[in-house]
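S.K.: My structure is in query07.txt, and what it holds is compact mmCIF, C-alpha atoms and all ligand atoms:
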```
# COMPACT_ATOMS: atom_id res chain seq x y z
CA MET A 100 10.99 110.55 -75.93
CA GLY A 101 10.03 107.05 -74.91
CA PHE A 102 12.63 104.42 -75.80
CA LYS A 103 11.04 101.06 -76.44
CA MET A 104 12.39 97.55 -76.12
CA GLY A 105 10.37 94.74 -77.62
CA ILE A 106 10.42 91.40 -75.80
CA VAL A 107 10.67 88.83 -78.56
CA GLY A 108 11.07 85.05 -78.73
CA LEU A 109 9.47 81.70 -79.52
CA PRO A 110 6.14 80.89 -77.82
CA ASN A 111 6.25 79.76 -74.18
CA VAL A 112 9.84 80.78 -73.42
CA GLY A 113 8.93 83.17 -70.58
CA LYS A 114 8.40 86.52 -72.28
CA SER A 115 5.22 87.41 -70.39
CA THR A 116 6.64 86.14 -67.09
CA LEU A 117 9.52 88.54 -67.61
CA PHE A 118 7.26 91.37 -68.71
CA ASN A 119 5.05 90.87 -65.67
CA ALA A 120 8.04 90.99 -63.41
CA LEU A 121 9.27 94.11 -65.17
CA THR A 122 6.07 96.03 -64.90
CA ARG A 123 4.81 94.46 -61.70
CA THR A 124 1.41 94.20 -63.16
CA ALA A 125 -0.69 91.25 -64.07
CA ALA A 126 -1.49 92.99 -67.34
CA ALA A 127 0.31 90.39 -69.37
CA GLN A 128 -1.12 86.98 -68.67
CA ALA A 129 1.53 84.39 -68.09
CA ALA A 130 0.27 80.89 -68.60
CA ASN A 131 1.65 77.56 -69.65
CA PHE A 132 0.31 77.43 -73.17
CA PRO A 133 1.60 78.92 -76.41
CA PHE A 134 0.06 82.14 -77.70
CA CYS A 135 -1.48 83.38 -74.49
CA THR A 136 -0.37 86.90 -75.44
CA ILE A 137 -2.48 88.25 -78.26
CA GLU A 138 -2.18 92.02 -77.99
CA PRO A 139 1.23 93.47 -77.35
CA ASN A 140 1.38 94.70 -73.79
CA VAL A 141 3.14 97.92 -73.15
CA GLY A 142 4.67 98.78 -69.81
CA GLU A 143 6.86 101.54 -68.46
CA VAL A 144 9.66 100.77 -66.01
CA ASN A 145 11.94 102.94 -63.91
CA VAL A 146 15.59 102.87 -64.89
CA PRO A 147 17.45 102.02 -61.66
CA ASP A 148 20.30 104.45 -60.93
CA ALA A 149 21.92 104.64 -57.48
CA ARG A 150 23.42 108.06 -58.34
CA LEU A 151 19.96 109.61 -58.22
CA ASP A 152 19.47 108.56 -54.61
CA THR A 153 22.86 109.96 -53.66
CA LEU A 154 22.04 113.32 -55.30
CA ALA A 155 18.64 113.46 -53.62
CA GLU A 156 20.21 112.80 -50.23
CA ILE A 157 22.80 115.56 -50.66
CA ALA A 158 20.24 118.10 -51.88
CA ASN A 159 17.59 116.97 -49.44
CA SER A 160 15.13 116.62 -52.32
CA LYS A 161 11.53 115.90 -51.37
CA GLN A 162 10.88 113.71 -54.38
CA ILE A 163 12.94 111.29 -56.42
CA ILE A 164 11.87 110.80 -60.03
CA PRO A 165 13.78 108.19 -62.04
CA THR A 166 13.79 108.19 -65.79
CA ARG A 167 11.74 105.54 -67.58
CA MET A 168 11.91 103.08 -70.40
CA THR A 169 9.18 101.19 -72.22
CA PHE A 170 8.94 97.44 -72.69
CA VAL A 171 6.54 95.77 -75.10
CA ASP A 172 5.53 92.14 -74.62
CA ILE A 173 5.15 90.74 -78.13
CA ALA A 174 3.42 87.47 -78.98
CA GLY A 175 5.54 84.39 -79.68
CA LEU A 176 7.00 84.03 -83.15
CA VAL A 177 7.29 80.62 -84.79
CA LYS A 178 9.01 79.19 -87.83
CA GLY A 179 7.12 80.52 -90.85
CA ALA A 180 5.88 83.66 -89.07
CA SER A 181 7.08 85.76 -91.97
CA LYS A 182 4.71 83.74 -94.16
CA GLY A 183 1.84 84.16 -91.73
CA GLU A 184 2.38 81.02 -89.60
CA GLY A 185 1.37 81.14 -85.95
CA LEU A 186 0.08 84.60 -85.30
CA GLY A 187 2.15 85.78 -88.21
CA ASN A 188 2.86 89.09 -89.73
CA GLN A 189 0.94 91.23 -87.29
CA PHE A 190 3.62 90.62 -84.67
CA LEU A 191 6.42 91.42 -87.02
CA ALA A 192 4.73 94.81 -87.34
CA ASN A 193 4.89 95.21 -83.54
CA ILE A 194 8.61 94.59 -83.71
CA ARG A 195 9.03 97.22 -86.40
CA GLU A 196 8.00 99.90 -83.90
CA VAL A 197 10.56 99.17 -81.19
CA ASP A 198 14.05 100.68 -80.85
CA ALA A 199 15.73 97.46 -79.72
CA ILE A 200 14.96 93.80 -79.17
CA ALA A 201 15.21 91.81 -75.95
CA HIS A 202 15.33 88.29 -77.35
CA VAL A 203 14.23 85.82 -74.68
CA LEU A 204 15.74 82.35 -75.04
CA ARG A 205 14.55 79.34 -73.12
CA CYS A 206 17.51 78.05 -71.12
CA PHE A 207 15.50 76.26 -68.42
CA GLU A 208 14.73 72.54 -68.40
CA ASP A 209 11.22 71.81 -67.24
CA GLY A 210 9.25 68.88 -68.61
CA ASP A 211 5.98 70.52 -67.58
CA VAL A 212 6.48 73.55 -69.78
CA THR A 213 5.95 72.82 -73.47
CA HIS A 214 8.65 73.82 -75.92
CA VAL A 215 7.22 74.36 -79.42
CA GLU A 216 10.15 72.52 -81.01
CA GLY A 217 10.12 69.78 -78.35
CA ARG A 218 13.70 70.37 -77.11
CA VAL A 219 15.76 72.98 -75.24
CA ASP A 220 18.32 74.51 -77.62
CA PRO A 221 18.54 78.29 -77.27
CA VAL A 222 21.12 78.76 -80.03
CA ALA A 223 18.90 76.96 -82.54
CA ASP A 224 15.90 78.94 -81.24
CA ALA A 225 17.75 82.21 -81.77
CA GLU A 226 18.42 81.18 -85.36
CA VAL A 227 14.75 80.35 -85.96
CA ILE A 228 13.71 83.83 -84.88
CA GLU A 229 16.55 85.61 -86.68
CA THR A 230 15.69 83.72 -89.87
CA GLU A 231 12.06 84.83 -89.65
CA LEU A 232 13.12 88.42 -89.14
CA MET A 233 15.49 88.20 -92.11
CA LEU A 234 12.78 86.70 -94.34
CA ALA A 235 10.35 89.40 -93.26
CA ASP A 236 12.94 92.06 -94.10
CA LEU A 237 13.59 90.54 -97.52
CA GLU A 238 9.92 90.47 -98.31
CA SER A 239 9.37 94.06 -97.28
CA ILE A 240 12.47 95.17 -99.21
CA GLU A 241 11.22 93.54 -102.40
CA LYS A 242 7.84 95.22 -102.02
CA ARG A 243 9.36 98.59 -101.29
CA ARG A 244 11.81 98.46 -104.15
CA ALA A 245 9.00 97.56 -106.54
CA GLY A 246 7.08 100.56 -105.20
CA LEU A 247 10.02 102.87 -105.90
CA VAL A 248 10.38 102.07 -109.62
CA ARG A 249 8.25 104.97 -110.88
CA LYS A 250 9.95 107.56 -108.69
CA LEU A 251 13.36 106.28 -109.76
CA LYS A 252 12.44 106.88 -113.38
CA GLY A 253 11.61 110.45 -112.38
CA ASN A 254 15.11 110.84 -110.88
CA ASP A 255 13.76 111.41 -107.37
CA LYS A 256 16.77 111.89 -105.05
CA ASP A 257 15.12 110.45 -101.92
CA ALA A 258 13.92 107.44 -103.83
CA GLN A 259 17.44 106.88 -105.16
CA GLN A 260 18.87 106.98 -101.66
CA GLN A 261 16.21 104.60 -100.34
CA ASP A 262 16.67 102.19 -103.18
CA ARG A 263 20.45 102.18 -102.78
CA LEU A 264 20.11 101.40 -99.05
CA LEU A 265 17.45 98.77 -99.64
CA ALA A 266 19.67 97.12 -102.25
CA ALA A 267 22.60 97.01 -99.81
CA ALA A 268 20.39 95.39 -97.17
CA GLN A 269 18.97 92.95 -99.70
CA GLU A 270 22.43 91.80 -100.68
CA VAL A 271 23.52 90.86 -97.14
CA LEU A 272 20.14 89.31 -96.32
CA GLU A 273 20.29 87.13 -99.43
CA ASN A 274 23.66 85.92 -98.14
CA GLY A 275 22.00 84.89 -94.87
CA GLN A 276 23.18 87.79 -92.75
CA PRO A 277 21.12 90.34 -90.81
CA ALA A 278 20.87 93.87 -92.25
CA ARG A 279 22.74 95.26 -89.22
CA VAL A 280 26.05 94.18 -90.76
CA VAL A 281 25.66 96.84 -93.49
CA GLU A 282 27.98 99.77 -92.82
CA VAL A 283 26.13 103.04 -93.25
CA ASP A 284 27.64 106.52 -93.77
CA ALA A 285 26.63 109.37 -91.50
CA GLU A 286 24.67 111.07 -94.29
CA ASP A 287 22.61 107.92 -94.84
CA ALA A 288 22.03 107.20 -91.16
CA LYS A 289 18.63 108.86 -90.92
CA ALA A 290 17.20 107.33 -94.10
CA TRP A 291 18.57 103.96 -93.03
CA LYS A 292 16.80 104.16 -89.69
CA MET A 293 13.57 105.19 -91.39
CA LEU A 294 13.59 101.90 -93.30
CA GLN A 295 12.80 100.25 -89.93
CA LEU A 296 14.26 96.93 -90.97
CA LEU A 297 13.78 94.32 -88.26
CA THR A 298 17.32 92.96 -88.44
CA THR A 299 18.90 96.39 -87.97
CA LYS A 300 17.50 96.63 -84.43
CA PRO A 301 20.11 96.05 -81.75
CA VAL A 302 19.62 92.74 -79.91
CA LEU A 303 20.08 91.81 -76.28
CA TYR A 304 19.78 88.08 -75.58
CA VAL A 305 17.97 87.23 -72.37
CA CYS A 306 18.90 83.75 -71.13
CA ASN A 307 15.92 82.57 -69.11
CA VAL A 308 17.44 79.95 -66.79
CA GLY A 309 15.97 77.77 -64.05
CA GLU A 310 15.62 79.02 -60.48
CA ALA A 311 18.72 77.26 -59.19
CA GLU A 312 20.91 78.62 -61.99
CA ALA A 313 20.10 82.32 -61.74
CA ALA A 314 23.44 83.21 -60.17
CA THR A 315 25.65 80.89 -62.21
CA GLY A 316 23.97 80.30 -65.55
CA ASN A 317 24.07 76.84 -67.13
CA ALA A 318 25.37 75.03 -70.21
CA HIS A 319 22.61 76.58 -72.35
CA SER A 320 23.33 80.13 -71.26
CA ASN A 321 27.05 79.50 -71.84
CA ALA A 322 26.26 78.54 -75.42
CA VAL A 323 24.22 81.74 -75.85
CA ALA A 324 27.05 83.81 -74.39
CA GLU A 325 29.41 82.36 -76.98
CA MET A 326 26.99 83.04 -79.82
CA ALA A 327 26.31 86.59 -78.63
CA ALA A 328 30.02 87.37 -78.37
CA ALA A 329 30.62 86.06 -81.89
CA GLN A 330 27.85 88.36 -83.17
CA GLY A 331 29.00 91.35 -81.16
CA ASN A 332 25.71 91.30 -79.22
CA SER A 333 25.30 91.22 -75.45
CA HIS A 334 23.40 88.88 -73.18
CA VAL A 335 22.03 88.76 -69.64
CA ILE A 336 21.25 85.73 -67.47
CA ILE A 337 17.93 85.86 -65.68
CA SER A 338 15.39 83.51 -64.20
CA ALA A 339 12.09 85.10 -65.19
CA GLN A 340 10.29 82.96 -62.66
CA ILE A 341 12.44 84.20 -59.76
CA GLU A 342 12.15 87.77 -60.96
CA GLU A 343 8.40 87.45 -60.95
CA GLU A 344 8.49 86.16 -57.37
CA ILE A 345 10.82 88.97 -56.29
CA SER A 346 8.61 91.58 -57.91
CA GLN A 347 5.86 90.64 -55.48
CA LEU A 348 8.00 91.16 -52.38
CA ASP A 349 8.61 94.40 -50.55
CA GLU A 350 12.06 95.97 -50.71
CA ASP A 351 13.55 94.36 -47.56
CA GLU A 352 12.19 90.92 -48.35
CA ALA A 353 13.48 91.22 -51.90
CA ALA A 354 16.98 92.11 -50.67
CA MET A 355 17.00 89.07 -48.35
CA PHE A 356 15.74 86.80 -51.09
CA LEU A 357 18.43 88.03 -53.50
CA GLU A 358 21.12 87.36 -50.93
CA GLU A 359 19.84 83.84 -50.33
CA MET A 360 19.94 83.18 -54.05
CA GLY A 361 23.51 84.49 -54.25
CA LEU A 362 22.50 87.42 -56.47
CA SER A 363 24.00 90.87 -55.94
CA GLU A 364 21.32 92.69 -57.92
CA ALA A 365 17.88 91.86 -59.27
CA GLY A 366 18.14 90.48 -62.79
CA LEU A 367 15.62 93.04 -63.94
CA SER A 368 17.92 95.91 -62.98
CA ARG A 369 20.68 94.27 -64.99
CA LEU A 370 18.31 93.80 -67.92
CA ILE A 371 17.07 97.40 -67.88
CA LYS A 372 20.62 98.76 -67.61
CA ALA A 373 21.80 96.51 -70.45
CA GLY A 374 18.90 97.72 -72.59
CA TYR A 375 19.75 101.30 -71.78
CA GLU A 376 23.35 100.71 -72.87
CA LEU A 377 22.29 98.88 -75.98
CA LEU A 378 20.27 101.92 -77.05
CA HIS A 379 23.24 104.22 -76.39
CA LEU A 380 21.29 106.11 -73.80
CA GLU A 381 22.72 108.28 -71.04
CA THR A 382 21.31 110.08 -68.05
CA TYR A 383 21.59 113.63 -66.82
CA PHE A 384 20.11 115.00 -63.61
CA THR A 385 18.25 118.04 -62.37
CA VAL A 386 18.53 118.45 -58.63
CA GLY A 387 16.83 120.78 -56.18
CA PRO A 388 14.99 120.81 -52.85
CA LYS A 389 11.71 119.94 -54.57
CA GLU A 390 12.91 117.02 -56.64
CA ALA A 391 15.89 115.08 -57.88
CA ARG A 392 15.16 113.83 -61.34
CA ALA A 393 16.85 111.73 -64.01
CA TRP A 394 16.42 112.42 -67.74
CA THR A 395 17.29 110.25 -70.71
CA ILE A 396 19.26 111.41 -73.73
CA ARG A 397 21.10 109.69 -76.53
CA THR A 398 24.88 109.67 -76.25
CA GLY A 399 26.24 112.76 -78.01
CA THR A 400 23.22 115.03 -77.40
CA LEU A 401 23.93 118.78 -77.29
CA ALA A 402 22.82 120.90 -74.33
CA PRO A 403 19.84 122.61 -76.06
CA GLN A 404 18.38 119.27 -77.21
CA ALA A 405 18.98 117.82 -73.76
CA ALA A 406 17.00 120.78 -72.36
CA GLY A 407 14.28 120.02 -74.90
CA VAL A 408 13.67 116.66 -73.21
CA ILE A 409 12.28 118.61 -70.25
CA HIS A 410 10.32 121.12 -72.30
CA GLY A 411 10.31 122.43 -75.86
CA ASP A 412 10.62 126.02 -74.58
CA PHE A 413 13.87 125.15 -72.80
CA GLU A 414 15.33 124.19 -76.17
CA LYS A 415 13.88 127.11 -78.16
CA GLY A 416 14.97 129.76 -75.68
CA PHE A 417 18.18 128.03 -74.54
CA ILE A 418 20.82 130.42 -73.17
CA ARG A 419 23.22 128.19 -71.25
CA ALA A 420 23.46 125.21 -68.97
CA GLU A 421 25.02 125.51 -65.54
CA THR A 422 26.83 122.20 -65.33
CA ILE A 423 28.33 120.20 -62.49
CA ALA A 424 29.79 116.75 -63.11
CA TYR A 425 28.26 114.06 -60.88
CA ASP A 426 31.55 113.30 -59.10
CA ASP A 427 32.15 117.01 -58.38
CA PHE A 428 28.61 117.43 -57.07
CA VAL A 429 29.17 114.56 -54.64
CA ALA A 430 32.74 115.51 -53.67
CA CYS A 431 31.70 119.12 -52.96
CA ASN A 432 28.59 118.01 -51.10
CA GLY A 433 26.14 119.79 -53.38
CA GLU A 434 25.60 122.76 -55.63
CA GLN A 435 26.80 125.47 -53.23
CA GLY A 436 30.04 123.64 -52.46
CA ALA A 437 30.65 122.94 -56.15
CA LYS A 438 30.14 126.62 -56.97
CA GLU A 439 32.61 127.69 -54.29
CA ALA A 440 35.15 125.16 -55.50
CA GLY A 441 34.83 126.52 -59.04
CA LYS A 442 33.32 123.24 -60.28
CA MET A 443 30.21 124.77 -61.82
CA ARG A 444 30.70 125.45 -65.51
CA ALA A 445 28.59 127.62 -67.82
CA GLU A 446 28.12 125.57 -70.99
CA GLY A 447 26.69 126.88 -74.27
CA LYS A 448 24.88 125.54 -77.31
CA GLY A 449 27.77 123.42 -78.54
CA TYR A 450 28.23 121.46 -75.30
CA VAL A 451 27.84 117.70 -75.53
CA VAL A 452 26.10 116.62 -72.33
CA LYS A 453 27.93 113.89 -70.42
CA ASP A 454 26.44 110.99 -68.55
CA GLY A 455 25.88 112.02 -64.92
CA ASP A 456 25.94 115.79 -65.49
CA VAL A 457 23.86 117.77 -63.03
CA LEU A 458 22.31 120.55 -65.11
CA HIS A 459 20.44 123.75 -64.55
CA PHE A 460 19.14 125.39 -67.73
CA LEU A 461 18.81 129.13 -68.27
CA PHE A 462 16.43 130.11 -71.05
CA ASN A 463 14.33 132.92 -72.56
CA THR A 464 10.63 132.45 -73.18
N1 LIG B 501 12.88 80.48 -65.60
C1 LIG B 501 11.79 79.69 -65.67
N2 LIG B 501 11.82 78.45 -65.10
C2 LIG B 501 10.74 77.65 -65.14
N3 LIG B 501 9.57 77.96 -65.73
C3 LIG B 501 9.46 79.17 -66.32
C4 LIG B 501 10.58 80.10 -66.31
N4 LIG B 501 10.20 81.22 -66.97
C5 LIG B 501 8.92 81.01 -67.37
N5 LIG B 501 8.47 79.78 -66.98
C6 LIG B 501 7.14 79.20 -67.24
O1 LIG B 501 6.98 79.01 -68.63
C7 LIG B 501 5.60 79.12 -69.04
C8 LIG B 501 5.48 80.10 -70.18
O2 LIG B 501 5.78 81.43 -69.76
P1 LIG B 501 5.16 82.72 -70.46
O3 LIG B 501 3.67 82.69 -70.50
O4 LIG B 501 5.80 83.85 -69.81
O5 LIG B 501 5.73 82.52 -71.96
P2 LIG B 501 5.60 83.46 -73.24
O6 LIG B 501 6.93 83.44 -73.88
O7 LIG B 501 5.03 84.78 -72.89
O8 LIG B 501 4.59 82.63 -74.16
P3 LIG B 501 3.63 83.14 -75.37
O9 LIG B 501 4.53 83.30 -76.56
O10 LIG B 501 2.70 82.01 -75.54
O11 LIG B 501 2.98 84.41 -74.96
C9 LIG B 501 4.88 79.58 -67.77
O12 LIG B 501 4.27 78.45 -67.20
C10 LIG B 501 6.00 80.11 -66.86
O13 LIG B 501 5.68 79.99 -65.50
MG MG B 502 3.31 85.72 -73.59
```
Can the structure from this file be put into structure tokens for me?
Ligand SMILES: Nc1ncnc2c1ncn2[C@@H]1O[C@H](COP(=O)(O)OP(=O)(O)OP(=O)(O)O)[C@@H](O)[C@H]1O
Ligand SMILES: [Mg+2]
M.R.:
Amino acid sequence: MGFKMGIVGLPNVGKSTLFNALTRTAAAQAANFPFCTIEPNVGEVNVPDARLDTLAEIANSKQIIPTRMTFVDIAGLVKGASKGEGLGNQFLANIREVDAIAHVLRCFEDGDVTHVEGRVDPVADAEVIETELMLADLESIEKRRAGLVRKLKGNDKDAQQQDRLLAAAQEVLENGQPARVVEVDAEDAKAWKMLQLLTTKPVLYVCNVGEAEAATGNAHSNAVAEMAAAQGNSHVIISAQIEEEISQLDEDEAAMFLEEMGLSEAGLSRLIKAGYELLHLETYFTVGPKEARAWTIRTGTLAPQAAGVIHGDFEKGFIRAETIAYDDFVACNGEQGAKEAGKMRAEGKGYVVKDGDVLHFLFNT
């Protein structure tokens, strides 16, 4: 499946520092000058989920395999990017390919780190980026609508649908609003998504605060929180620099460090979980003596399609899913206990898988 979050923001706000911390690699160079990231860097991260460890312990599983999510470190965007300024359009194309945007905002004061606009104002920064994305959308809409003219004359149904959706997006964008405010019917949902408009991607604001403010936030992150709430978007508070330091420690050291900083959980875990929620993703589990494993599905996925995440044959030959809710699995101390307590259900093709379900698929090949 591979759900992708793009890390987006102005130059030098801490995107690569965050990406490095996330992927624990030095693949993305972090350095104190604008535009040090030229190619987008792609990294896979484990999605932290304490339930998986609990299941593995109960079932005595030899191996624990978390589910994963992809992050892409995208080069800094500047004012005028939609017109080719800075590193320009190429990076807008990178954003087109992601499922959601983690928008990093500089909320730390540090005279040694250059800010491209010469001041720390995350709300204004967010507007600069959003404006560029809106301009880029407008431009691509105009091009696409011009390209549809001939097909429209030929009464092509798909072209009519596309043009109608593009026109709706154009209208809100021309009024200075992102395309995500357009309300789309269920029957248009697929075509709408295929348009890949930048301002329809869900946004998570990442407030990158100074080391001392990681637990509390600061005035800048408060301002972002207010803006995000007004937009119906979410935000997380993180110090990318601390996260990078933590990512180099072993597990025990990291736990001690977090406690000293007054943090209950690494910021990265919070970020990954928030991204997972933003994408409307859920987790189901397969559990046995060999391995306990987490799998990602979209909210509302039916059992056969959930099986298809493991293997196409599971979906094609799907018969039923033996299902135990996570809480029942734990309360009954495993599969055998759940069976005896009558907590294992046989679910068919129409079953909507629930977050935390422990599943065992039966299928024909
Ligand atoms: N929370 C923080 N507090 C202080 N300094 C930070 C923090 N986060 C990042 N920095 C510093 O800011 C500088 C820029 O970071 P980084 O290279 O990650 O930015 P970037 O957004 O990837 O830039 P570019 O768009 O040029 O690729 C680095 O020197 C980094 O150490
Ligand atoms: Mg960078």
S.K.: Give the answer as one residue: which of A:Ile396, A:Leu296, A:Ile336, A:Met168 has the shortest atom-to-atom distance to ligand LIG 501 (chain B), using all atoms listed in the file?
M.R.: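 Among the listed residues, A:Ile336 lies closest to ligand LIG 501 (chain B).
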S.K.: Which residues come within 6 Å of range 305-321 of chain A, counting all atoms listed in the file, excluding same-chain residues fewer than 3 positions away, as a compact mmCIF listing (two decimals) with C-alpha atoms, in the coordinates of the input?
M.R.:
```txt
# COMPACT_ATOMS: atom_id res chain seq x y z
CA HIS A 202 15.33 88.29 -77.35
CA VAL A 203 14.23 85.82 -74.68
CA LEU A 204 15.74 82.35 -75.04
CA ARG A 205 14.55 79.34 -73.12
CA CYS A 206 17.51 78.05 -71.12
CA PHE A 207 15.50 76.26 -68.42
CA ALA A 324 27.05 83.81 -74.39
CA HIS A 334 23.40 88.88 -73.18
CA VAL A 335 22.03 88.76 -69.64
CA ILE A 336 21.25 85.73 -67.47
CA ILE A 337 17.93 85.86 -65.68
CA SER A 338 15.39 83.51 -64.20
CA LEU A 362 22.50 87.42 -56.47
```
S.K.: Please tell me which residues are no farther than 10 Å from (10.5, 91.1, -82.7) in the file, counting all atoms listed in the file, and write them as a ChimeraX atom specification.
M.R.: /A:104-109,171-176,190-197,199-202,228-229,231-232,297-298,300,302
S.K.: How far is it from atom C10 of ligand LIG 501 (chain B) to CA of Glu350 in chain A, in Å with one decimal?
M.R.: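 CA of Glu350 in chain A lies at a distance of 23.4 Å from atom C10 of ligand LIG 501 (chain B).
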S.K.: In Å, rounded to a single decimal, give me how far CA of Leu247 in chain A is from CA of Gly275 in chain A.
M.R.: 24.3 Å
S.K.: With all atoms listed in the file as the atoms that count, which of A:Lys242, A:Lys256, A:Lys114, A:His379 lies nearest to ligand MG 502 (chain B)?
M.R.: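 Looking only at the distances to ligand MG 502 (chain B), the closest residue turns out to be A:Lys114.
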S.K.: Pull the neighbourhood of (21.3, 105.4, -102.3) for me: all residues within 12 Å in file coordinates, counting only C-alpha atoms, as a PyMOL selection string.
M.R.: chain A and resi 244+251+254-268+283-284+286-288+290-291
S.K.: Can you measure CA of Ile157 in chain A to CA of Val429 in chain A for me? One decimal in Å is fine.
M.R.: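 So the two atoms, CA of Ile157 in chain A and CA of Val429 in chain A, lie 7.6 Å apart.
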S.K.: Please determine, counting all atoms listed in the file, which residue among A:Leu357, A:Ile409, A:Val146, A:Val112 has the shortest atom-to-atom distance to Thr213 in chain A.
M.R.: A:Val112
S.K.: Can you tell me, as an MDAnalysis selection string, what residues are no more than 9 Å from Leu377 in chain A when counting only C-alpha atoms, ignoring any on the same chain fewer than 2 positions away?
M.R.: chainID A and resid 199 301:303 332:333 372:375 379:380
S.K.: If you count only C-alpha atoms, which residues fall within 9 Å of Thr169 in chain A, apart from same-chain ones fewer than 2 positions away, as a PyMOL selection string?
M.R.: chain A and resi 101-105+141-145+167+171
S.K.: Neighbours of Ala120 in chain A within 7 Å (all atoms listed in the file; same-chain residues fewer than 3 positions away dropped), as a PDB file with C-alpha atoms, keeping the file's coordinate frame?
M.R.:
```pdb
ATOM      1  CA  THR A 116       6.640  86.140 -67.090  1.00  0.00           C
ATOM      2  CA  LEU A 117       9.520  88.540 -67.610  1.00  0.00           C
ATOM      3  CA  ARG A 123       4.810  94.460 -61.700  1.00  0.00           C
ATOM      4  CA  GLU A 342      12.150  87.770 -60.960  1.00  0.00           C
ATOM      5  CA  GLU A 343       8.400  87.450 -60.950  1.00  0.00           C
ATOM      6  CA  SER A 346       8.610  91.580 -57.910  1.00  0.00           C
TER       7      SER A 346
END
```
S.K.: Near Gly387 in chain A, counting only C-alpha atoms, which residues have an atom at most 10 Å away, once you skip same-chain residues fewer than 5 positions from it, shown as a list in words?
M.R.: Leu154, Ala155, Ile157, Ala158, Asn159, Ser160, Lys161, Gln162, Arg392, Gly433, Glu434 and His459 of chain A
S.K.: Please, could you write that set of residues out with C-alpha atoms as a PDB file, in the coordinates of the input?
M.R.:
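File again-v3.pdb, as written:
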```pdb
ATOM      1  CA  LEU A 154      22.040 113.320 -55.300  1.00  0.00           C
ATOM      2  CA  ALA A 155      18.640 113.460 -53.620  1.00  0.00           C
ATOM      3  CA  ILE A 157      22.800 115.560 -50.660  1.00  0.00           C
ATOM      4  CA  ALA A 158      20.240 118.100 -51.880  1.00  0.00           C
ATOM      5  CA  ASN A 159      17.590 116.970 -49.440  1.00  0.00           C
ATOM      6  CA  SER A 160      15.130 116.620 -52.320  1.00  0.00           C
ATOM      7  CA  LYS A 161      11.530 115.900 -51.370  1.00  0.00           C
ATOM      8  CA  GLN A 162      10.880 113.710 -54.380  1.00  0.00           C
ATOM      9  CA  ARG A 392      15.160 113.830 -61.340  1.00  0.00           C
ATOM     10  CA  GLY A 433      26.140 119.790 -53.380  1.00  0.00           C
ATOM     11  CA  GLU A 434      25.600 122.760 -55.630  1.00  0.00           C
ATOM     12  CA  HIS A 459      20.440 123.750 -64.550  1.00  0.00           C
TER      13      HIS A 459
END
```
S.K.: So, with all atoms listed in the file as the atoms that count, which of A:Glu344, A:Ile371, A:Ile418, A:Ile164 lies closest to Leu151 in chain A?
M.R.: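 Smallest distance to Leu151 in chain A is found for A:Ile164.
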S.K.: Using all atoms listed in the file, can you tell me which of A:Asn432, A:Gln340, A:Ser363, A:Asn140 comes closest to ligand LIG 501 (chain B)?
M.R.: A:Gln340
S.K.: Box in all listed atoms of ligand LIG 501 (chain B), axis-aligned, with 4 Å more on each side; write out centre and edge lengths in Å to one decimal as lines of an AutoDock Vina configuration file.
M.R.:
```
center_x = 7.8
center_y = 81.2
center_z = -70.8
size_x = 18.2
size_y = 15.1
size_z = 19.5
```
